[in-house]
$ cat my_file.txt   # compact mmCIF, C-alpha atoms and all ligand atoms
# COMPACT_ATOMS: atom_id res chain seq x y z
CA MET R 29 78.95 32.15 -7.57
CA GLU R 30 80.16 33.93 -10.60
CA ASN R 31 78.98 36.16 -13.39
CA MET R 32 77.85 39.43 -11.91
CA PRO R 33 74.82 40.69 -13.80
CA LYS R 34 74.91 44.06 -15.54
CA GLN R 35 74.23 46.77 -13.02
CA ASP R 36 72.33 49.20 -15.24
CA ASP R 37 69.10 47.26 -15.71
CA THR R 38 68.95 45.31 -12.46
CA PRO R 39 65.61 45.56 -10.64
CA ALA R 40 65.57 47.96 -7.70
CA SER R 41 65.42 46.80 -4.05
CA THR R 42 65.28 43.07 -4.70
CA THR R 43 67.76 40.32 -4.05
CA ILE R 44 69.55 38.70 -6.94
CA SER R 45 70.52 35.09 -6.63
CA PHE R 46 74.09 34.50 -7.78
CA LEU R 47 74.04 31.09 -9.35
CA ASN R 48 76.93 28.76 -10.02
CA CYS R 49 78.07 28.64 -13.59
CA ILE R 50 78.96 25.37 -15.29
CA ASP R 51 81.25 25.81 -18.29
CA LEU R 52 80.56 22.83 -20.54
CA SER R 53 83.78 23.38 -22.47
CA THR R 54 86.12 23.04 -19.50
CA PRO R 55 88.31 19.94 -19.41
CA ASP R 56 88.13 20.05 -15.58
CA VAL R 57 85.13 17.74 -15.17
CA GLN R 58 85.64 17.39 -11.43
CA GLN R 59 85.33 21.15 -11.01
CA SER R 60 82.05 21.10 -13.01
CA VAL R 61 80.73 18.20 -10.95
CA SER R 62 81.49 19.98 -7.72
CA LEU R 63 79.97 23.33 -8.84
CA LEU R 64 76.89 21.58 -10.13
CA LYS R 65 76.49 19.48 -7.01
CA GLN R 66 76.74 22.55 -4.81
CA ALA R 67 74.08 24.30 -6.91
CA CYS R 68 71.78 21.26 -6.86
CA LEU R 69 72.02 20.98 -3.08
CA ASP R 70 71.52 24.70 -2.58
CA CYS R 71 68.75 25.73 -4.97
CA GLY R 72 68.62 23.45 -8.00
CA PHE R 73 69.33 26.35 -10.37
CA PHE R 74 72.57 27.07 -12.23
CA TYR R 75 73.85 28.60 -15.47
CA VAL R 76 75.38 26.57 -18.28
CA THR R 77 77.79 28.37 -20.60
CA ASN R 78 79.90 27.35 -23.60
CA HIS R 79 77.30 24.75 -24.42
CA GLY R 80 78.04 24.69 -28.13
CA ILE R 81 74.99 26.60 -29.42
CA SER R 82 76.26 29.78 -30.98
CA GLN R 83 75.13 33.20 -29.79
CA GLU R 84 74.20 34.02 -33.36
CA PHE R 85 71.85 31.03 -33.57
CA MET R 86 70.30 31.78 -30.17
CA GLU R 87 69.56 35.29 -31.46
CA GLU R 88 67.96 33.84 -34.58
CA VAL R 89 65.70 31.66 -32.40
CA PHE R 90 64.60 34.70 -30.38
CA SER R 91 64.07 36.76 -33.51
CA GLN R 92 61.91 34.02 -35.10
CA SER R 93 59.99 33.62 -31.86
CA LYS R 94 59.31 37.37 -31.80
CA LYS R 95 58.07 37.21 -35.40
CA PHE R 96 55.52 34.56 -34.46
CA PHE R 97 54.17 36.41 -31.43
CA GLU R 98 53.90 39.61 -33.49
CA LEU R 99 51.42 37.93 -35.84
CA PRO R 100 47.77 38.97 -35.49
CA LEU R 101 45.88 36.88 -32.91
CA SER R 102 43.65 35.46 -35.66
CA GLU R 103 46.76 34.03 -37.38
CA LYS R 104 48.14 32.61 -34.12
CA MET R 105 44.77 30.99 -33.35
CA LYS R 106 45.08 28.97 -36.57
CA VAL R 107 47.79 26.94 -34.84
CA LEU R 108 46.06 26.72 -31.47
CA ARG R 109 47.41 24.00 -29.18
CA ASN R 110 46.07 20.56 -30.15
CA GLU R 111 45.29 17.54 -27.97
CA LYS R 112 48.99 16.55 -28.07
CA HIS R 113 49.96 19.89 -26.55
CA ARG R 114 51.59 21.29 -29.65
CA GLY R 115 51.02 24.79 -30.95
CA TYR R 116 49.93 28.17 -29.65
CA THR R 117 48.69 28.91 -26.14
CA PRO R 118 47.09 32.34 -25.67
CA VAL R 119 47.58 34.78 -22.78
CA LEU R 120 45.87 33.63 -19.53
CA ASP R 121 45.60 30.06 -20.88
CA GLU R 122 47.79 28.56 -18.18
CA LEU R 123 47.24 28.85 -14.44
CA LEU R 124 50.29 27.60 -12.60
CA ASP R 125 49.48 28.64 -9.05
CA PRO R 126 45.69 28.62 -8.58
CA ASP R 127 45.99 29.33 -4.83
CA ASN R 128 47.65 32.68 -5.41
CA GLN R 129 46.57 33.82 -8.89
CA ILE R 130 43.32 35.55 -9.67
CA HIS R 131 43.53 34.37 -13.29
CA GLY R 132 45.95 32.70 -15.70
CA ASP R 133 49.55 33.68 -16.50
CA TYR R 134 50.20 36.86 -18.47
CA LYS R 135 52.16 34.97 -21.08
CA GLU R 136 51.50 33.42 -24.45
CA GLY R 137 53.42 30.42 -25.67
CA TYR R 138 54.10 27.94 -28.43
CA TYR R 139 54.75 24.23 -27.81
CA ILE R 140 57.08 22.22 -30.05
CA GLY R 141 57.88 18.60 -29.23
CA VAL R 142 59.83 15.71 -30.70
CA GLU R 143 58.38 15.25 -34.20
CA VAL R 144 56.75 11.83 -34.62
CA PRO R 145 54.74 11.41 -37.87
CA GLU R 146 51.06 10.58 -37.46
CA ASP R 147 51.44 7.14 -39.10
CA ASP R 148 54.25 6.13 -36.72
CA PRO R 149 53.04 3.70 -33.99
CA GLU R 150 54.88 5.87 -31.44
CA ALA R 151 52.48 8.72 -32.24
CA ASP R 152 49.80 6.96 -30.16
CA LYS R 153 51.81 7.51 -27.00
CA PRO R 154 51.03 10.55 -24.89
CA PHE R 155 53.36 13.47 -25.70
CA TYR R 156 54.62 11.93 -28.97
CA GLY R 157 53.14 13.02 -32.29
CA PRO R 158 53.41 15.54 -35.09
CA ASN R 159 53.97 19.21 -34.33
CA VAL R 160 51.82 21.98 -35.71
CA TRP R 161 53.62 24.69 -37.65
CA PRO R 162 52.73 28.17 -38.92
CA ALA R 163 52.29 28.09 -42.70
CA ASP R 164 55.67 28.39 -44.43
CA GLY R 165 54.63 31.38 -46.48
CA ILE R 166 53.95 33.33 -43.29
CA LEU R 167 57.22 32.70 -41.45
CA PRO R 168 59.89 31.38 -43.82
CA GLY R 169 62.51 29.19 -42.13
CA TRP R 170 60.65 29.22 -38.80
CA ARG R 171 60.13 25.49 -38.53
CA GLN R 172 63.73 24.70 -39.54
CA THR R 173 65.13 27.11 -36.93
CA MET R 174 62.98 25.69 -34.14
CA GLU R 175 63.69 22.06 -35.05
CA LYS R 176 67.42 22.72 -35.14
CA PHE R 177 67.33 24.48 -31.77
CA HIS R 178 65.27 21.69 -30.23
CA GLN R 179 67.79 19.13 -31.46
CA GLN R 180 70.81 21.11 -30.25
CA ALA R 181 69.22 21.73 -26.85
CA LEU R 182 68.81 17.99 -26.41
CA GLY R 183 72.59 17.70 -26.85
CA VAL R 184 73.08 20.31 -24.11
CA ALA R 185 70.64 18.47 -21.81
CA ARG R 186 72.57 15.23 -22.33
CA ALA R 187 75.85 16.96 -21.47
CA VAL R 188 74.33 18.45 -18.29
CA ALA R 189 72.76 15.10 -17.36
CA ARG R 190 76.18 13.45 -17.54
CA ILE R 191 77.51 15.88 -14.93
CA ILE R 192 74.41 15.36 -12.80
CA ALA R 193 74.95 11.59 -12.97
CA LEU R 194 78.53 12.02 -11.76
CA ALA R 195 77.34 14.34 -8.98
CA LEU R 196 75.00 11.54 -7.85
CA ASP R 197 77.87 9.01 -7.94
CA LEU R 198 76.29 7.23 -10.91
CA GLU R 199 77.91 6.24 -14.20
CA ALA R 200 78.31 9.29 -16.46
CA ASP R 201 76.04 7.72 -19.10
CA PHE R 202 73.29 6.84 -16.60
CA PHE R 203 70.74 9.19 -18.22
CA ASP R 204 71.78 8.35 -21.79
CA LYS R 205 69.81 5.10 -21.83
CA PRO R 206 67.14 4.75 -24.54
CA GLU R 207 64.36 4.81 -21.95
CA MET R 208 65.67 8.09 -20.54
CA LEU R 209 67.37 10.91 -22.46
CA GLY R 210 67.89 8.50 -25.36
CA HIS R 211 64.20 8.99 -26.05
CA PRO R 212 63.04 11.84 -23.86
CA ILE R 213 59.83 13.80 -23.70
CA ALA R 214 61.08 17.27 -24.46
CA VAL R 215 58.38 19.76 -25.31
CA MET R 216 60.06 23.07 -25.99
CA ARG R 217 58.05 26.17 -25.29
CA LEU R 218 58.54 29.62 -26.74
CA LEU R 219 57.22 32.23 -24.32
CA HIS R 220 56.28 35.87 -24.68
CA TYR R 221 55.38 38.26 -21.86
CA ALA R 222 53.78 41.29 -23.47
CA GLY R 223 54.78 43.85 -20.86
CA GLN R 224 52.11 43.69 -18.17
CA ILE R 225 53.18 44.59 -14.66
CA SER R 226 52.80 41.78 -12.15
CA ASP R 227 51.57 42.41 -8.65
CA PRO R 228 51.78 39.47 -6.26
CA SER R 229 49.62 41.31 -3.70
CA LYS R 230 46.81 41.28 -6.28
CA GLY R 231 47.50 37.77 -7.58
CA LEU R 232 48.85 38.97 -10.95
CA TYR R 233 51.82 37.11 -12.42
CA GLY R 234 53.69 36.66 -15.68
CA ALA R 235 53.94 33.01 -14.61
CA GLY R 236 52.65 31.79 -11.26
CA ALA R 237 54.86 29.95 -8.76
CA HIS R 238 55.53 26.31 -9.60
CA SER R 239 58.26 23.73 -9.72
CA ASP R 240 58.91 21.68 -12.86
CA TYR R 241 57.98 18.02 -12.83
CA GLY R 242 60.68 16.59 -15.06
CA LEU R 243 64.36 15.83 -14.84
CA ILE R 244 65.85 19.17 -15.85
CA THR R 245 64.66 22.27 -17.68
CA LEU R 246 66.84 24.41 -19.92
CA LEU R 247 65.80 28.04 -20.10
CA ALA R 248 67.12 30.69 -22.47
CA THR R 249 65.98 34.25 -21.81
CA ASP R 250 66.51 37.66 -23.32
CA ASP R 251 68.11 40.30 -21.07
CA VAL R 252 64.90 41.40 -19.31
CA TYR R 253 64.61 40.47 -15.63
CA GLY R 254 61.56 38.52 -14.54
CA LEU R 255 62.45 35.03 -13.33
CA GLN R 256 62.47 34.62 -9.56
CA ILE R 257 63.24 31.63 -7.34
CA CYS R 258 62.22 30.80 -3.78
CA LYS R 259 64.81 28.58 -2.16
CA ASP R 260 62.64 27.62 0.80
CA LYS R 261 59.00 27.11 -0.14
CA ASP R 262 58.02 26.50 3.48
CA ALA R 263 59.44 29.80 4.80
CA GLN R 264 56.89 32.34 5.97
CA PRO R 265 56.95 34.81 4.37
CA GLN R 266 58.51 33.31 1.25
CA VAL R 267 61.68 35.04 0.08
CA TRP R 268 61.97 35.54 -3.69
CA GLU R 269 65.24 36.26 -5.48
CA PHE R 270 65.72 37.30 -9.11
CA VAL R 271 67.77 35.16 -11.46
CA ALA R 272 69.87 37.53 -13.55
CA PRO R 273 69.76 36.99 -17.31
CA LEU R 274 73.18 35.88 -18.58
CA LYS R 275 73.87 36.43 -22.26
CA GLY R 276 74.32 33.24 -24.25
CA ALA R 277 73.81 31.00 -21.21
CA PHE R 278 71.07 28.56 -20.35
CA VAL R 279 69.56 28.77 -16.90
CA VAL R 280 69.10 25.15 -15.87
CA ASN R 281 66.82 23.98 -13.09
CA LEU R 282 66.08 20.57 -11.66
CA GLY R 283 62.58 19.12 -11.73
CA ASP R 284 60.58 17.12 -9.20
CA MET R 285 61.51 13.83 -10.86
CA LEU R 286 65.17 14.40 -10.12
CA GLU R 287 64.42 15.67 -6.63
CA ARG R 288 62.64 12.40 -5.96
CA TRP R 289 65.28 10.24 -7.62
CA SER R 290 67.95 11.88 -5.51
CA ASN R 291 66.00 11.17 -2.35
CA CYS R 292 65.09 14.84 -2.08
CA ILE R 293 68.74 15.80 -1.65
CA PHE R 294 68.83 17.77 -4.91
CA LYS R 295 66.32 20.59 -5.05
CA SER R 296 63.45 21.22 -7.43
CA THR R 297 62.86 24.85 -6.58
CA LEU R 298 59.74 26.97 -6.74
CA HIS R 299 60.01 29.69 -9.39
CA ARG R 300 57.78 32.30 -11.02
CA VAL R 301 57.97 35.22 -13.43
CA LEU R 302 57.11 38.82 -12.57
CA GLY R 303 56.43 41.25 -15.37
CA ASN R 304 57.92 44.72 -14.89
CA GLY R 305 56.27 46.48 -17.80
CA GLN R 306 58.93 45.46 -20.32
CA GLU R 307 58.29 42.94 -23.05
CA ARG R 308 60.14 39.69 -22.38
CA TYR R 309 60.91 36.54 -24.38
CA SER R 310 62.16 33.16 -23.20
CA VAL R 311 62.42 29.58 -24.42
CA ARG R 312 62.13 26.71 -21.99
CA ILE R 313 62.75 23.04 -22.66
CA PRO R 314 61.87 20.63 -19.88
CA PHE R 315 63.20 17.10 -20.27
CA PHE R 316 61.42 14.19 -18.68
CA PHE R 317 60.55 10.60 -19.31
CA PHE R 318 57.88 8.27 -18.01
CA LEU R 319 60.20 5.72 -16.53
CA ASN R 320 59.48 6.40 -12.90
CA LEU R 321 55.79 7.03 -13.25
CA LEU R 322 54.23 4.79 -15.81
CA LEU R 323 56.47 1.76 -16.15
CA PRO R 324 55.78 -0.97 -13.65
CA PHE R 325 58.69 -1.23 -11.24
CA SER R 326 59.46 -4.74 -12.51
CA ARG R 327 60.45 -3.24 -15.89
CA VAL R 328 62.71 -0.58 -14.45
CA PRO R 329 66.36 -1.67 -14.62
CA PHE R 330 67.04 -2.32 -10.95
CA LYS R 331 70.24 -0.32 -10.83
CA CYS R 332 68.30 2.64 -12.07
CA LEU R 333 66.34 2.63 -8.87
CA SER R 334 69.60 3.49 -7.09
CA SER R 335 69.77 2.94 -3.41
CA HIS R 336 67.61 5.99 -2.72
CA ASN R 337 64.83 4.74 -4.93
CA ALA R 338 65.14 1.25 -3.61
CA LYS R 339 64.42 2.83 -0.27
CA PHE R 340 61.45 4.61 -1.79
CA LEU R 341 60.20 1.33 -3.22
CA PHE R 342 60.67 -0.21 0.18
CA CYS R 343 58.57 2.49 1.77
CA LEU R 344 55.83 2.09 -0.83
CA LEU R 345 55.80 -1.63 -0.16
CA ALA R 346 55.67 -0.94 3.55
CA ILE R 347 52.60 1.23 3.03
CA SER R 348 50.99 -1.43 0.79
CA LYS R 349 51.69 -4.02 3.43
CA PHE R 350 50.10 -1.87 6.07
CA LEU R 351 47.01 -1.22 3.96
CA ILE R 352 46.61 -4.86 2.99
CA SER R 353 47.05 -6.15 6.52
CA PHE R 354 44.48 -3.61 7.55
CA SER R 355 41.93 -4.87 5.05
CA CYS R 356 42.63 -8.65 4.86
CA GLY R 357 44.78 -10.45 7.36
CA ARG R 358 46.87 -13.02 5.41
CA LEU R 359 48.36 -11.44 2.28
CA PRO R 360 51.20 -9.63 4.09
CA ILE R 361 53.13 -12.92 4.19
CA LEU R 362 53.76 -12.48 0.46
CA TRP R 363 55.11 -9.01 1.00
CA ASN R 364 57.93 -9.94 3.35
CA PRO R 365 60.37 -11.50 0.81
CA VAL R 366 59.75 -8.61 -1.61
CA MET R 367 60.44 -6.10 1.13
CA ASN R 368 63.59 -7.90 2.16
CA VAL R 369 64.96 -7.76 -1.39
CA SER R 370 64.28 -4.05 -1.79
CA TRP R 371 65.58 -3.20 1.65
CA ASN R 372 68.80 -5.07 0.92
CA ALA R 373 69.19 -3.04 -2.26
CA CYS R 374 69.60 0.08 -0.14
CA GLN R 375 73.17 0.88 0.80
CA PRO R 376 73.84 0.29 4.51
CA ALA R 377 74.48 3.98 5.13
CA ILE R 378 71.10 4.83 3.67
CA GLN R 379 69.34 2.07 5.56
CA LYS R 380 70.43 3.77 8.77
CA LYS R 381 68.84 7.10 8.02
CA THR R 382 65.22 6.96 6.99
CA PRO R 383 63.71 10.19 8.22
CA PRO R 384 59.92 10.34 7.90
CA SER R 385 60.32 13.52 5.84
CA PHE R 386 61.96 11.44 3.11
CA LEU R 387 58.87 9.29 2.76
CA LEU R 388 56.47 12.21 2.88
CA SER R 389 58.41 14.20 0.28
CA ASN R 390 58.58 11.25 -2.05
CA VAL R 391 54.91 10.44 -1.77
CA ARG R 392 54.01 14.11 -2.23
CA LEU R 393 56.19 14.43 -5.32
CA THR R 394 54.92 11.19 -6.82
CA LEU R 395 51.30 12.22 -6.39
CA ALA R 396 51.94 15.74 -7.66
CA ASN R 397 53.84 14.47 -10.72
CA ALA R 398 51.31 11.82 -11.54
CA THR R 399 48.40 14.24 -11.24
CA ARG R 400 50.05 16.91 -13.36
CA ILE R 401 51.12 14.50 -16.05
CA LEU R 402 47.72 12.81 -16.17
CA MET R 403 46.09 16.23 -16.52
CA LEU R 404 48.33 16.98 -19.47
CA ILE R 405 47.70 13.69 -21.30
O1 LIG Z 1 59.98 32.55 -18.73
C1 LIG Z 1 60.68 32.16 -17.80
O2 LIG Z 1 61.71 32.76 -17.47
C2 LIG Z 1 60.32 30.92 -17.01
C3 LIG Z 1 59.00 30.31 -17.39
C4 LIG Z 1 58.64 29.12 -16.60
O3 LIG Z 1 59.19 28.82 -15.58
C5 LIG Z 1 57.56 28.23 -17.06
O4 LIG Z 1 56.86 28.56 -18.02
O5 LIG Z 1 57.43 27.14 -16.47
$ encode --input "my_file.txt" --output "C-alpha cells" --more "lines below"
Ligand SMILES: O=C(O)CCC(=O)C(=O)O
Amino acid sequence: MENMPKQDDTPASTTISFLNCIDLSTPDVQQSVSLLKQACLDCGFFYVTNHGISQEFMEEVFSQSKKFFELPLSEKMKVLRNEKHRGYTPVLDELLDPDNQIHGDYKEGYYIGVEVPEDDPEADKPFYGPNVWPADGILPGWRQTMEKFHQQALGVARAVARIIALALDLEADFFDKPEMLGHPIAVMRLLHYAGQISDPSKGLYGAGAHSDYGLITLLATDDVYGLQICKDKDAQPQVWEFVAPLKGAFVVNLGDMLERWSNCIFKSTLHRVLGNGQERYSVRIPFFFFLNLLLPFSRVPFKCLSSHNAKFLFCLLAISKFLISFSCGRLPILWNPVMNVSWNACQPAIQKKTPPSFLLSNVRLTLANATRILMLI
C-alpha cells in the first residue's frame, strides 16, 4: 500500500484505492510474490514499476497516440476496425455495460495485435492476422513505435506472470509455455477520452463497468484520474474507488480466466472509467490465450489444470453425468472412471472443501468468457 498519489489533482470526495506496488527490478522475489498475492486476493489490481520500459519511450507512445486521435475523423475512418479487430474504433462504438449505459462508451480506440502476415497459415485463426496502420506519410514512425511498445509490454507481462505463477505455488515458468504467453493473444488498445463528463445516474460513462476476460491486463495511463474499481460487485450499493495514476507505472489487473484458474481465489475485479471533463489517454494490453476455452481438455497438459481446475473438470463431469443419466439411463457407467481420475488429481485439501459457490462462479465465468470471445471472433 504504497505510492501516495499527488494531492493537487485528486478527485474531490471520492475514495482512492491504494494499490500494492510490485517493483520488477527488486532482487527480493519473495517480497514481490507476497505483495502480488495480497493484491490478487484483495482486489486483483496492482502497480508494476521498474519494468524496463523507459519513461521517455512511454511518453513517445502517448505522444504518437495523441497524434493519431487528433487526425480528422475522415482520416481515422480510413483505418476503421476490420473483421480481425484491428484498427480504429469510434466514440460510442463499444458498450461494455448494457444494463447501466444508455449508449456506448465515450471513448475512441485503436486496436493493434500480434502481426501475422496474411499468407501465414496462422492468420486464419481468430485474433491472429495483419494489423492495419495509418499511412506512413501521415504519421511517420507511428507503426514502429507501437510495434516496439507491444513487444516490450509482452516482456513485462511475462515477468508479471512469473510472479503470479509463484504466488499460485506453480513453477515460475508455468505461463511461459508456447500455448500460453509463449504465443499469447495480446491485442493492445490505444484509448482516448475526449473530455466528456460521465454521470452514472444518467448512464453516461467513459467506459462502462466490466471485468476483463483474459489472464492479465497491463494499463498505462496519463496523469488524469478516471479509472475506478469496485472490489465487491455484489455489494448494494456498489462502492467505487479511484485508481490513482502513477507516473511510469503499469496498472495491472487480473482477468476472468485467471480468476477461474485460481479457483476464484484471485480476483478479476469490476472496473470502469468516469470522464471528469479533462481529456484522457490510456493504453491497455490484455493478455489471454485460448487454452482453457477452445482446446479440448484432453489436449491440455494435465498439470496445467492444477488441482483447482481438476476440481472444476470434476464438477463439469459431474454435471454431464447428471444430465446424461437424466436423459438416457446407462451411459453414466462410462463416466465413473473418468470422474475418479479427475477427482484424484485434486489435492486432498481441496477435495475437502468444495463450496457450491466455487462451481457456480466457475460455470458463470466460463459461460461469460465463451460468450464474449465468440462475439469477438
Ligand atoms: O482507460 C482505462 O483506464 C481503462 C479502460 C478499460 O478498462 C477498458 O477499455 O477495458
$ residues_near_ligand --input "my_file.txt" --ligand "ligand LIG 1 (chain Z)" --cutoff "10 Å" --atoms "all atoms listed in the file" --output "VMD selection string"
chain R and resid 122 124 133 135 to 137 217 to 221 234 to 241 245 to 250 252 to 257 271 273 279 281 298 to 303 308 to 314
$ closest_residue --input "my_file.txt" --among "R:Gln92, R:Gln179, R:Ser290, R:Ser53" --to "Val215 in chain R" --atoms "only C-alpha atoms"
R:Gln179
$ closest_residue --input "my_file.txt" --among "R:Met86, R:Ile213, R:Ile192, R:Leu47" --to "Tyr156 in chain R" --atoms "all atoms listed in the file"
R:Ile213
$ closest_residue --input "my_file.txt" --among "R:Arg190, R:Lys153, R:Lys275, R:Lys259" --to "Phe73 in chain R" --atoms "all atoms listed in the file"
R:Lys259
$ residues_around --input "my_file.txt" --residues "Leu101 in chain R" --least-positions-apart "6" --cutoff "12 Å" --atoms "only C-alpha atoms" --output "list in words"
Val107, Leu108, Tyr116, Thr117, Pro118, Val119 and Glu136 of chain R
$ residues_around --input "my_file.txt" --residues "Ile44 in chain R" --least-positions-apart "6" --cutoff "8 Å" --atoms "only C-alpha atoms" --output "list in words"
Glu269, Phe270, Val271 and Ala272 of chain R
$ write_last_selection --input "my_file.txt" --atoms "C-alpha atoms" --output "compact mmCIF listing (two decimals), in the frame of the given file"
# COMPACT_ATOMS: atom_id res chain seq x y z
CA GLU R 269 65.24 36.26 -5.48
CA PHE R 270 65.72 37.30 -9.11
CA VAL R 271 67.77 35.16 -11.46
CA ALA R 272 69.87 37.53 -13.55
$ closest_residue --input "my_file.txt" --among "R:Cys49, R:Val76, R:Leu194, R:Ala200" --to "Val61 in chain R" --atoms "only C-alpha atoms"
R:Leu194
$ axis_aligned_box --input "my_file.txt" --around "range 152-167 of chain R" --padding-each-side "6 Å" --output "AutoDock Vina command-line options"
--center_x 53.5 --center_y 20.1 --center_z -35.7 --size_x 19.4 --size_y 38.4 --size_z 33.6
$ residues_around --input "my_file.txt" --residues "Arg109 in chain R" --least-positions-apart "5" --cutoff "9 Å" --atoms "all atoms listed in the file" --output "ChimeraX atom specification"
/R:114-117,138-139,160
$ residues_around --input "my_file.txt" --residues "Ser82 in chain R" --least-positions-apart "6" --cutoff "12 Å" --atoms "all atoms listed in the file" --output "VMD selection string"
chain R and resid 88 to 89 177 180 to 181 275 to 278
$ closest_residue --input "my_file.txt" --among "R:Glu146, R:Ser45, R:His79, R:Leu232" --to "Ala67 in chain R" --atoms "all atoms listed in the file"
R:Ser45
$ atom_distance --input "my_file.txt" --atom1 "CA of Asp197 in chain R" --atom2 "CA of Cys71 in chain R"
19.3 Å
$ residues_around --input "my_file.txt" --residues "Gly72 in chain R" --least-positions-apart "5" --cutoff "8 Å" --atoms "only C-alpha atoms" --output "PyMOL selection string"
chain R and resi 67+281-282+294-297
$ atom_distance --input "my_file.txt" --atom1 "CA of Asp204 in chain R" --atom2 "CA of Met285 in chain R"
16.0 Å
$ atom_distance --input "my_file.txt" --atom1 "CA of Phe316 in chain R" --atom2 "CA of Tyr233 in chain R"
25.6 Å
$ closest_residue --input "my_file.txt" --among "R:Leu69, R:Leu286, R:Met208, R:Ile225" --to "Leu243 in chain R" --atoms "all atoms listed in the file"
R:Leu286
